[in-house]
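Structure data (mmCIF, C-alpha atoms) from work05.cif:
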```cif
data_my_file
#
loop_
_atom_site.label_atom_id
_atom_site.label_comp_id
_atom_site.auth_asym_id
_atom_site.auth_seq_id
_atom_site.Cartn_x
_atom_site.Cartn_y
_atom_site.Cartn_z
CA THR I 1 -5.08 15.28 -16.47
CA GLU I 2 -6.42 18.21 -14.38
CA PRO I 3 -4.11 21.10 -15.42
CA ASP I 4 -4.55 23.25 -12.31
CA ARG I 5 -3.69 20.96 -9.44
CA ALA I 6 -2.82 22.60 -6.15
CA SER I 7 0.91 22.92 -5.41
CA GLU I 8 0.54 20.58 -2.41
CA THR I 9 -1.11 17.96 -4.61
CA GLN I 10 1.72 18.24 -7.11
CA ARG I 11 4.27 17.85 -4.31
CA ILE I 12 2.54 14.67 -3.11
CA LEU I 13 2.41 13.29 -6.66
CA ARG I 14 6.14 13.87 -7.10
CA GLU I 15 6.89 12.23 -3.73
CA ASP I 16 4.92 9.19 -4.90
CA GLY I 17 7.06 8.92 -8.01
CA PHE I 18 4.86 10.65 -10.58
CA LEU I 19 6.52 12.64 -13.36
CA ARG I 20 4.81 15.47 -15.19
CA LEU I 21 4.75 15.02 -18.95
CA GLU I 22 3.00 17.96 -20.62
CA ASP I 23 -0.52 17.86 -19.11
CA HIS I 24 -0.25 14.35 -17.70
CA TRP I 25 1.21 12.79 -14.56
CA ILE I 26 2.88 9.44 -15.15
CA ALA I 27 4.34 6.87 -12.74
CA LEU I 28 6.33 3.75 -13.53
CA VAL I 29 5.08 0.54 -11.90
CA ILE I 30 7.92 -1.98 -12.14
CA ARG I 31 6.82 -5.44 -11.03
CA ALA I 32 10.21 -7.09 -10.67
CA CYS I 33 12.82 -8.12 -8.15
CA GLY I 34 16.28 -8.20 -9.69
CA ASN I 35 19.64 -6.52 -10.07
CA SER I 36 20.08 -3.03 -11.50
CA ALA I 37 20.60 -4.35 -15.05
CA ALA I 38 17.32 -6.28 -14.97
CA ILE I 39 15.41 -3.35 -13.48
CA ASN I 40 17.04 -0.98 -16.01
CA ALA I 41 15.73 -3.03 -18.92
CA LEU I 42 12.17 -2.93 -17.58
CA VAL I 43 12.37 0.78 -16.71
CA ALA I 44 13.65 1.65 -20.19
CA SER I 45 10.94 -0.32 -22.01
CA THR I 46 8.20 1.04 -19.75
CA ALA I 47 9.40 4.64 -19.92
CA GLU I 48 9.70 4.44 -23.71
CA GLN I 49 5.94 3.84 -23.95
CA ALA I 50 5.42 7.25 -22.37
CA GLY I 51 8.15 8.98 -24.36
CA LEU I 52 10.50 9.21 -21.36
CA ARG I 53 14.24 8.65 -21.22
CA LEU I 54 15.58 8.08 -17.71
CA PRO I 55 19.16 7.70 -16.45
CA ALA I 56 20.34 4.12 -15.98
CA LEU I 57 20.60 2.61 -12.51
CA GLN I 58 24.01 1.55 -11.27
CA PRO I 59 25.00 -1.34 -8.97
CA GLY I 60 25.81 -0.45 -5.37
CA LEU I 61 23.23 2.29 -4.93
CA SER I 62 23.17 3.70 -1.38
CA ALA I 63 20.42 2.53 0.96
CA VAL I 64 18.73 5.96 0.90
CA ILE I 65 18.70 6.23 -2.90
CA ALA I 66 17.63 2.60 -3.37
CA ALA I 67 14.77 2.98 -0.87
CA ASP I 68 13.57 6.12 -2.66
CA LEU I 69 13.69 4.39 -6.05
CA GLU I 70 11.86 1.33 -4.72
CA ARG I 71 9.21 3.64 -3.30
CA THR I 72 8.72 5.61 -6.51
CA MET I 73 8.80 2.53 -8.77
CA TRP I 74 6.97 0.26 -6.29
CA PRO I 75 6.90 -2.73 -6.20
CA ALA I 76 10.39 -2.82 -7.80
CA LYS I 77 13.21 -4.35 -5.72
CA ILE I 78 16.83 -3.55 -6.68
CA THR I 79 18.84 -6.42 -5.25
CA ASP I 80 22.40 -5.22 -5.91
CA SER I 81 21.95 -2.01 -3.91
CA LEU I 82 23.13 -1.40 -0.33
CA LEU I 83 19.58 -1.40 1.06
CA PRO I 84 19.52 -3.93 3.95
CA SER I 85 16.81 -6.54 4.49
CA TYR I 86 15.47 -7.94 7.77
CA LEU I 87 13.38 -10.97 8.64
CA ILE I 88 10.90 -9.91 11.33
CA PRO I 89 9.01 -12.49 13.44
CA ILE I 90 5.46 -11.48 14.33
CA ARG I 91 2.74 -13.32 16.23
CA PRO I 92 -0.45 -14.26 14.37
CA ALA I 93 -2.66 -12.04 16.54
CA TRP I 94 -0.74 -8.90 15.52
CA SER I 95 -0.30 -10.06 11.92
CA ALA I 96 -4.06 -10.58 11.67
CA ASP I 97 -4.71 -7.00 12.78
CA LEU I 98 -1.94 -5.38 10.71
CA PHE I 99 -2.12 -7.46 7.53
CA GLY I 100 -5.33 -9.51 7.70
CA ILE I 101 -3.32 -12.78 7.81
CA PRO I 102 -4.32 -15.13 9.29
CA GLN I 103 -7.97 -14.18 9.11
CA ALA I 104 -9.47 -13.28 12.47
CA LEU I 105 -13.04 -13.54 13.69
CA THR I 106 -13.15 -9.80 14.39
CA PRO I 107 -12.71 -7.25 11.57
CA ARG I 108 -9.55 -5.15 11.25
CA PRO I 109 -9.79 -1.50 12.35
CA ASN I 110 -10.76 0.62 9.34
CA MET I 111 -7.83 3.02 9.75
CA ILE I 112 -5.35 0.15 9.78
CA GLY I 113 -6.93 -1.54 6.78
CA LEU I 114 -6.94 1.62 4.65
CA SER I 115 -3.55 3.04 5.60
CA ARG I 116 -0.45 2.58 3.42
CA GLU I 117 1.81 2.85 6.44
CA HIS I 118 1.78 1.13 9.83
CA VAL I 119 3.89 0.79 12.95
CA TYR I 120 5.16 -2.23 14.83
CA TYR I 121 6.64 -2.01 18.31
CA ARG I 122 9.47 -4.14 19.65
CA SER I 123 12.41 -4.24 22.01
CA PRO I 124 15.25 -1.94 20.87
CA THR I 125 17.66 -4.90 20.75
CA PRO I 126 18.82 -6.21 18.37
CA GLN I 127 18.80 -2.96 16.46
CA THR I 128 17.23 -2.43 13.06
CA ALA I 129 18.15 0.57 10.91
CA ALA I 130 16.08 2.45 8.35
CA PRO I 131 15.73 2.57 5.43
CA ALA I 132 15.46 -1.15 4.84
CA ARG I 133 13.20 -3.92 3.60
CA LEU I 134 11.22 -6.05 6.03
CA MET I 135 10.15 -9.67 5.52
CA TRP I 136 7.31 -10.69 7.86
CA TYR I 137 7.55 -14.18 9.36
CA VAL I 138 4.35 -15.21 11.15
CA THR I 139 4.62 -18.02 13.67
CA ASP I 140 3.01 -19.53 16.73
CA ALA I 141 4.34 -23.07 16.96
CA ARG I 142 2.80 -23.67 20.39
CA ARG I 143 -0.67 -23.57 18.89
CA GLY I 144 0.19 -25.10 15.54
CA GLY I 145 -0.73 -21.88 13.76
CA VAL I 146 0.73 -20.14 10.76
CA ALA I 147 4.49 -20.55 10.33
CA ALA I 148 5.39 -18.77 7.11
CA VAL I 149 6.72 -15.61 5.51
CA ILE I 150 3.60 -13.80 4.35
CA GLY I 151 4.83 -10.54 2.83
CA CYS I 152 7.29 -7.67 2.84
CA SER I 153 7.33 -3.95 3.52
CA ARG I 154 9.60 -0.93 3.24
CA LEU I 155 10.99 0.29 6.58
CA ASP I 156 10.93 4.09 6.52
CA GLU I 157 11.82 4.95 10.12
CA THR I 158 12.98 3.45 13.39
CA LEU I 159 12.52 5.42 16.57
CA THR I 160 13.62 4.38 20.06
CA GLY I 161 12.14 6.02 23.15
CA LYS I 162 9.87 5.69 26.13
CA PRO I 163 6.78 3.54 25.47
CA ALA I 164 4.30 6.31 26.30
CA ALA I 165 5.96 8.77 23.90
CA LEU I 166 6.09 6.25 21.06
CA PHE I 167 2.49 5.20 21.64
CA GLN I 168 1.28 8.81 21.62
CA ARG I 169 3.08 9.51 18.34
CA PHE I 170 2.17 6.36 16.43
CA ARG I 171 -1.08 5.11 17.98
CA HIS I 172 -3.04 5.81 14.77
CA LEU I 173 -0.73 3.49 12.80
CA GLY I 174 -0.50 0.51 15.15
CA VAL I 175 -2.67 -2.10 16.85
CA TRP I 176 -1.02 -2.31 20.27
CA GLN I 177 -2.20 -0.60 23.42
CA LEU I 178 0.17 1.29 25.73
CA ASN I 179 0.53 -1.63 28.16
CA GLN I 180 1.63 -3.90 25.29
CA VAL I 181 4.24 -1.40 24.11
CA THR I 182 5.48 -1.15 27.69
CA GLN I 183 5.77 -4.93 27.97
CA ALA I 184 7.93 -5.01 24.82
CA ALA I 185 10.34 -2.43 26.26
CA THR I 186 13.80 -3.18 27.64
CA ALA I 187 15.17 -0.96 30.42
CA GLY I 188 12.29 1.45 29.84
CA GLN I 189 12.95 1.82 26.10
CA ALA I 190 10.97 0.47 23.15
CA GLN I 191 11.43 0.79 19.41
CA ALA I 192 8.81 1.70 16.81
CA LEU I 193 9.21 0.47 13.24
CA ARG I 194 7.29 2.69 10.84
CA PHE I 195 6.83 0.80 7.59
CA ALA I 196 4.81 1.24 4.41
CA ASP I 197 3.63 -0.29 1.13
CA THR I 198 3.26 -3.83 2.43
CA GLU I 199 2.95 -6.56 -0.20
CA ILE I 200 1.12 -9.73 0.80
CA PHE I 201 2.62 -12.67 -1.04
CA GLU I 202 0.59 -14.69 -3.50
CA ARG I 203 2.32 -17.78 -2.13
CA GLN I 204 3.33 -18.06 1.54
CA ILE I 205 6.84 -19.34 2.24
CA THR I 206 6.52 -22.10 4.84
CA LEU I 207 9.08 -22.57 7.60
CA ARG I 208 10.41 -25.71 5.94
CA ARG I 209 10.89 -23.97 2.60
CA LEU I 210 12.34 -20.89 4.31
CA ARG I 211 15.03 -23.01 5.94
CA GLN I 212 15.79 -24.65 2.60
CA LEU I 213 16.23 -21.27 0.93
CA ALA I 214 18.40 -20.00 3.79
CA ALA I 215 20.61 -23.10 3.65
CA GLY I 216 20.97 -22.68 -0.10
CA HIS I 217 22.28 -19.16 0.51
CA ARG I 218 24.50 -20.24 3.42
CA GLN I 219 22.56 -18.36 6.08
CA THR I 220 21.44 -19.67 9.47
CA LEU I 221 18.06 -18.47 10.72
CA ALA I 222 17.25 -17.66 14.36
CA LEU I 223 13.57 -16.62 13.91
CA ARG I 224 13.28 -15.32 17.49
CA SER I 225 14.10 -11.67 16.84
CA PRO I 226 14.73 -9.39 13.84
CA GLN I 227 17.56 -10.80 11.75
CA LYS I 228 19.45 -9.23 8.88
CA ILE I 229 19.40 -11.40 5.77
CA THR I 230 21.40 -11.20 2.56
CA ALA I 231 20.07 -9.54 -0.58
CA ASP I 232 20.23 -12.89 -2.39
CA LEU I 233 18.10 -14.60 0.27
CA PHE I 234 15.63 -11.71 0.23
CA ALA I 235 15.33 -12.04 -3.54
CA ALA I 236 14.84 -15.82 -3.34
CA ILE I 237 12.05 -15.47 -0.75
CA TYR I 238 10.40 -12.60 -2.63
CA GLN I 239 10.47 -14.38 -5.97
CA GLU I 240 8.84 -17.47 -4.46
CA GLY I 241 6.21 -15.29 -2.84
CA HIS I 242 5.57 -13.44 -6.12
CA PRO I 243 6.46 -15.91 -8.89
CA ALA I 244 5.67 -13.37 -11.62
CA HIS I 245 8.02 -10.72 -10.17
CA ASP I 246 11.34 -12.47 -10.75
CA GLY I 247 12.92 -9.74 -12.87
CA SER I 248 13.09 -11.88 -15.99
#
```
Can you turn what I pasted into structure tokens?
Amino acid sequence: TEPDRASETQRILREDGFLRLEDHWIALVIRACGNSAAINALVASTAEQAGLRLPALQPGLSAVIAADLERTMWPAKITDSLLPSYLIPIRPAWSADLFGIPQALTPRPNMIGLSREHVYYRSPTPQTAAPARLMWYVTDARRGGVAAVIGCSRLDETLTGKPAALFQRFRHLGVWQLNQVTQAATAGQAQALRFADTEIFERQITLRRLRQLAAGHRQTLALRSPQKITADLFAAIYQEGHPAHDGS
């Protein structure tokens, strides 16, 4: 309610989805994963409480517009947009540092734990394109560890380049050292995935259940490298991970 916020503060508020209404800043928090009609209904009822009238969402929104709307109305997910979704395999050691799952004996770095955005390095093939949604699949079958989808994030940027350059740019957002980024490279090139607003699921989706969901949506899973998945499969996984966010 502070009336004299600095212009930079106001810019940041607007980027985060806040709207100025007289002397107040208001943001919509839409806890649902559904098509544009379902999200519209929730947006309208929520906005009405604040005296706002917003334009209705339409099916087939572009990836850029959908990603921006999902950021400003986080954790909303608009499933009939053109925003792609990827299933990303990640080893437990890196998942523990980035997300705190599975729990490790050593504490997470403070900067990683407090940050809203992080980076994950990988080989540049197969390619992933931003903006997109990421589903994180943690596995280490050799040691009988975690084998489950544990959460999702918004992919804001992909950048391919030399390992040293990527590490220098993103070292404050990641948990790898330069030698590890170099090992992930192919033909001297690595890819950095800069992602944000990670949601850890209330209920982990086990490998067995994941395969059942994929089969039900006629999709075969590889689980060895990033894989594009359909919007329907993304929604099914997300709604099992967050039972209360089903858009109903």
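Counting only C-alpha atoms, the residue from I:Ala44, I:Met135, I:Leu173, I:Leu52 that sits nearest to I:His118 is I:Leu173.
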Write out as a PyMOL selection string which residues come within 12 Å of I:Asp68 when counting only C-alpha atoms, dropping same-chain ones fewer than 3 positions away. chain I and resi 14-17+61-65+71-78+81+83+130-133+154-156
Resulting file, chosen residues, C-alpha atoms, as a PDB file, in the coordinates of the input:
```pdb
ATOM      1  CA  ARG I  14       6.140  13.870  -7.100  1.00  0.00           C
ATOM      2  CA  GLU I  15       6.890  12.230  -3.730  1.00  0.00           C
ATOM      3  CA  ASP I  16       4.920   9.190  -4.900  1.00  0.00           C
ATOM      4  CA  GLY I  17       7.060   8.920  -8.010  1.00  0.00           C
ATOM      5  CA  LEU I  61      23.230   2.290  -4.930  1.00  0.00           C
ATOM      6  CA  SER I  62      23.170   3.700  -1.380  1.00  0.00           C
ATOM      7  CA  ALA I  63      20.420   2.530   0.960  1.00  0.00           C
ATOM      8  CA  VAL I  64      18.730   5.960   0.900  1.00  0.00           C
ATOM      9  CA  ILE I  65      18.700   6.230  -2.900  1.00  0.00           C
ATOM     10  CA  ARG I  71       9.210   3.640  -3.300  1.00  0.00           C
ATOM     11  CA  THR I  72       8.720   5.610  -6.510  1.00  0.00           C
ATOM     12  CA  MET I  73       8.800   2.530  -8.770  1.00  0.00           C
ATOM     13  CA  TRP I  74       6.970   0.260  -6.290  1.00  0.00           C
ATOM     14  CA  PRO I  75       6.900  -2.730  -6.200  1.00  0.00           C
ATOM     15  CA  ALA I  76      10.390  -2.820  -7.800  1.00  0.00           C
ATOM     16  CA  LYS I  77      13.210  -4.350  -5.720  1.00  0.00           C
ATOM     17  CA  ILE I  78      16.830  -3.550  -6.680  1.00  0.00           C
ATOM     18  CA  SER I  81      21.950  -2.010  -3.910  1.00  0.00           C
ATOM     19  CA  LEU I  83      19.580  -1.400   1.060  1.00  0.00           C
ATOM     20  CA  ALA I 130      16.080   2.450   8.350  1.00  0.00           C
ATOM     21  CA  PRO I 131      15.730   2.570   5.430  1.00  0.00           C
ATOM     22  CA  ALA I 132      15.460  -1.150   4.840  1.00  0.00           C
ATOM     23  CA  ARG I 133      13.200  -3.920   3.600  1.00  0.00           C
ATOM     24  CA  ARG I 154       9.600  -0.930   3.240  1.00  0.00           C
ATOM     25  CA  LEU I 155      10.990   0.290   6.580  1.00  0.00           C
ATOM     26  CA  ASP I 156      10.930   4.090   6.520  1.00  0.00           C
TER      27      ASP I 156
END
```
Answer key for the PyMOL selection byres ((chain I and resi 59) around 9), residues as a PyMOL selection string: chain I and resi 35-37+57-58+60-61+78-82
List the residues matched by the PyMOL selection byres ((chain I and resi 205) around 7) in the displayed structure as a CSV table (one decimal) with C-alpha atoms, in the frame of the given file, ordered by chain and then by residue number.
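Once everything was written out, this is result-v1.csv:
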```
chain,number,residue,atom,x,y,z
I,148,ALA,CA,5.4,-18.8,7.1
I,149,VAL,CA,6.7,-15.6,5.5
I,150,ILE,CA,3.6,-13.8,4.4
I,203,ARG,CA,2.3,-17.8,-2.1
I,204,GLN,CA,3.3,-18.1,1.5
I,206,THR,CA,6.5,-22.1,4.8
I,207,LEU,CA,9.1,-22.6,7.6
I,209,ARG,CA,10.9,-24.0,2.6
I,210,LEU,CA,12.3,-20.9,4.3
I,241,GLY,CA,6.2,-15.3,-2.8
```
Spatial neighbours of I:Arg211, 12 Å, all atoms listed in the file, chain gap at least 4 places, as a list in words: Ala147, Ala148, Val149, Ile205, Thr206, Leu207, Ala215, Gly216, His217, Arg218, Gln219, Thr220, Leu221, Ala222, Leu223, Leu233, Ala236 and Ile237 of chain I
Selection above as a file: C-alpha atoms, as a short mmCIF file (atom, residue, chain, number, x, y, z; two decimals), in the frame of the given file:
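To be explicit, this is the file written out as part22.cif:
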```
data_model
loop_
_atom_site.label_atom_id
_atom_site.label_comp_id
_atom_site.auth_asym_id
_atom_site.auth_seq_id
_atom_site.Cartn_x
_atom_site.Cartn_y
_atom_site.Cartn_z
CA ALA I 147 4.49 -20.55 10.33
CA ALA I 148 5.39 -18.77 7.11
CA VAL I 149 6.72 -15.61 5.51
CA ILE I 205 6.84 -19.34 2.24
CA THR I 206 6.52 -22.10 4.84
CA LEU I 207 9.08 -22.57 7.60
CA ALA I 215 20.61 -23.10 3.65
CA GLY I 216 20.97 -22.68 -0.10
CA HIS I 217 22.28 -19.16 0.51
CA ARG I 218 24.50 -20.24 3.42
CA GLN I 219 22.56 -18.36 6.08
CA THR I 220 21.44 -19.67 9.47
CA LEU I 221 18.06 -18.47 10.72
CA ALA I 222 17.25 -17.66 14.36
CA LEU I 223 13.57 -16.62 13.91
CA LEU I 233 18.10 -14.60 0.27
CA ALA I 236 14.84 -15.82 -3.34
CA ILE I 237 12.05 -15.47 -0.75
#
```
When the PyMOL selection byres ((chain I and resi 170-172) around 12) is applied to the file above, which residues end up in the set, as a ChimeraX atom specification? /I:98,109-115,117-121,157-159,163-169,173-178,180-181,191-195
Identify, on the basis of all atoms listed in the file, every residue whose closest approach to I:Tyr86 does not exceed 7 Å; exclude the query and any residue fewer than 2 positions from it along the same chain; express the result as a VMD selection string. chain I and resid 84 88 133 to 135 226 to 229
Suppose we keep C-alpha atoms; can you now write the selection as a tab-separated table (two decimals), in the frame of the given file?
```
chain	number	residue	atom	x	y	z
I	84	PRO	CA	19.52	-3.93	3.95
I	88	ILE	CA	10.90	-9.91	11.33
I	133	ARG	CA	13.20	-3.92	3.60
I	134	LEU	CA	11.22	-6.05	6.03
I	135	MET	CA	10.15	-9.67	5.52
I	226	PRO	CA	14.73	-9.39	13.84
I	227	GLN	CA	17.56	-10.80	11.75
I	228	LYS	CA	19.45	-9.23	8.88
I	229	ILE	CA	19.40	-11.40	5.77
```
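Comparing the minimum interatomic distances between I:Leu69 and each of I:Gln49, I:Ile101, I:Phe18, I:Tyr238, counting only C-alpha atoms, we find that I:Phe18 sits nearest.
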Residues of stretch 85-170 of chain I that approach stretch 184-188 of chain I to 9 Å or less, counting all atoms listed in the file: could you list each one with the shortest pair of atoms and its distance in Å to one decimal, rows by chain and increasing residue number, as CSV?
```
residue,atom,partner,partner_atom,distance
I:Tyr121,CA,I:Ala184,CA,7.3
I:Arg122,CA,I:Ala184,CA,5.5
I:Ser123,CA,I:Ala185,CA,5.1
I:Pro124,CA,I:Thr186,CA,7.0
I:Thr125,CA,I:Thr186,CA,8.1
I:Gly161,CA,I:Gly188,CA,8.1
I:Lys162,CA,I:Gly188,CA,6.1
I:Pro163,CA,I:Ala185,CA,7.0
```
Here is a test: counting all atoms listed in the file, which residue of I:Ala38, I:Ser7, I:Ala129, I:Val138 is nearest to I:Thr160? I:Ala129
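The space between atom CA of I:Pro102 and atom CA of I:Ala67 spans 28.2 Å.
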I:Arg53 proximity check over I:Leu21, I:Ala93, I:Val146, I:Ala235, using only C-alpha atoms: winner is I:Leu21
Pick from I:Ser85, I:Asp97, I:Thr182, I:Asp197, whichever lies nearest to I:Phe234 using all atoms listed in the file: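 Comparing I:Ser85, I:Asp97, I:Thr182, I:Asp197 against I:Phe234, the winner is I:Ser85.
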Restore N, CA, C and O atoms in stretch 56-68 of chain I and list the result as a CSV table (one decimal), keeping the file's coordinate frame.
```csv
chain,number,residue,atom,x,y,z
I,56,ALA,N,20.2,5.5,-16.4
I,56,ALA,CA,20.3,4.1,-16.0
I,56,ALA,C,20.7,4.0,-14.5
I,56,ALA,O,21.5,4.8,-14.0
I,57,LEU,N,20.2,2.9,-13.9
I,57,LEU,CA,20.6,2.6,-12.5
I,57,LEU,C,22.0,2.0,-12.5
I,57,LEU,O,22.4,1.3,-13.5
I,58,GLN,N,22.7,2.1,-11.4
I,58,GLN,CA,24.0,1.6,-11.3
I,58,GLN,C,24.0,0.6,-10.1
I,58,GLN,O,23.3,0.8,-9.1
I,59,PRO,N,24.9,-0.5,-10.1
I,59,PRO,CA,25.0,-1.3,-9.0
I,59,PRO,C,25.6,-0.6,-7.8
I,59,PRO,O,26.2,0.4,-7.9
I,60,GLY,N,25.3,-1.1,-6.6
I,60,GLY,CA,25.8,-0.4,-5.4
I,60,GLY,C,25.2,0.8,-5.0
I,60,GLY,O,25.8,1.7,-4.3
I,61,LEU,N,23.9,1.1,-5.4
I,61,LEU,CA,23.2,2.3,-4.9
I,61,LEU,C,23.2,2.4,-3.4
I,61,LEU,O,23.0,1.3,-2.7
I,62,SER,N,23.3,3.5,-2.8
I,62,SER,CA,23.2,3.7,-1.4
I,62,SER,C,21.8,3.3,-0.9
I,62,SER,O,20.8,3.2,-1.7
I,63,ALA,N,21.7,3.0,0.4
I,63,ALA,CA,20.4,2.5,1.0
I,63,ALA,C,19.3,3.6,0.8
I,63,ALA,O,18.2,3.3,0.5
I,64,VAL,N,19.7,4.9,1.0
I,64,VAL,CA,18.7,6.0,0.9
I,64,VAL,C,18.2,6.1,-0.5
I,64,VAL,O,17.0,6.2,-0.8
I,65,ILE,N,19.1,6.1,-1.5
I,65,ILE,CA,18.7,6.2,-2.9
I,65,ILE,C,17.9,5.0,-3.4
I,65,ILE,O,16.9,5.1,-4.0
I,66,ALA,N,18.3,3.8,-3.0
I,66,ALA,CA,17.6,2.6,-3.4
I,66,ALA,C,16.2,2.6,-2.8
I,66,ALA,O,15.3,2.2,-3.5
I,67,ALA,N,16.1,3.0,-1.5
I,67,ALA,CA,14.8,3.0,-0.9
I,67,ALA,C,13.8,4.0,-1.6
I,67,ALA,O,12.7,3.7,-1.8
I,68,ASP,N,14.4,5.1,-2.0
I,68,ASP,CA,13.6,6.1,-2.7
I,68,ASP,C,13.1,5.6,-4.0
I,68,ASP,O,12.0,5.8,-4.4
```
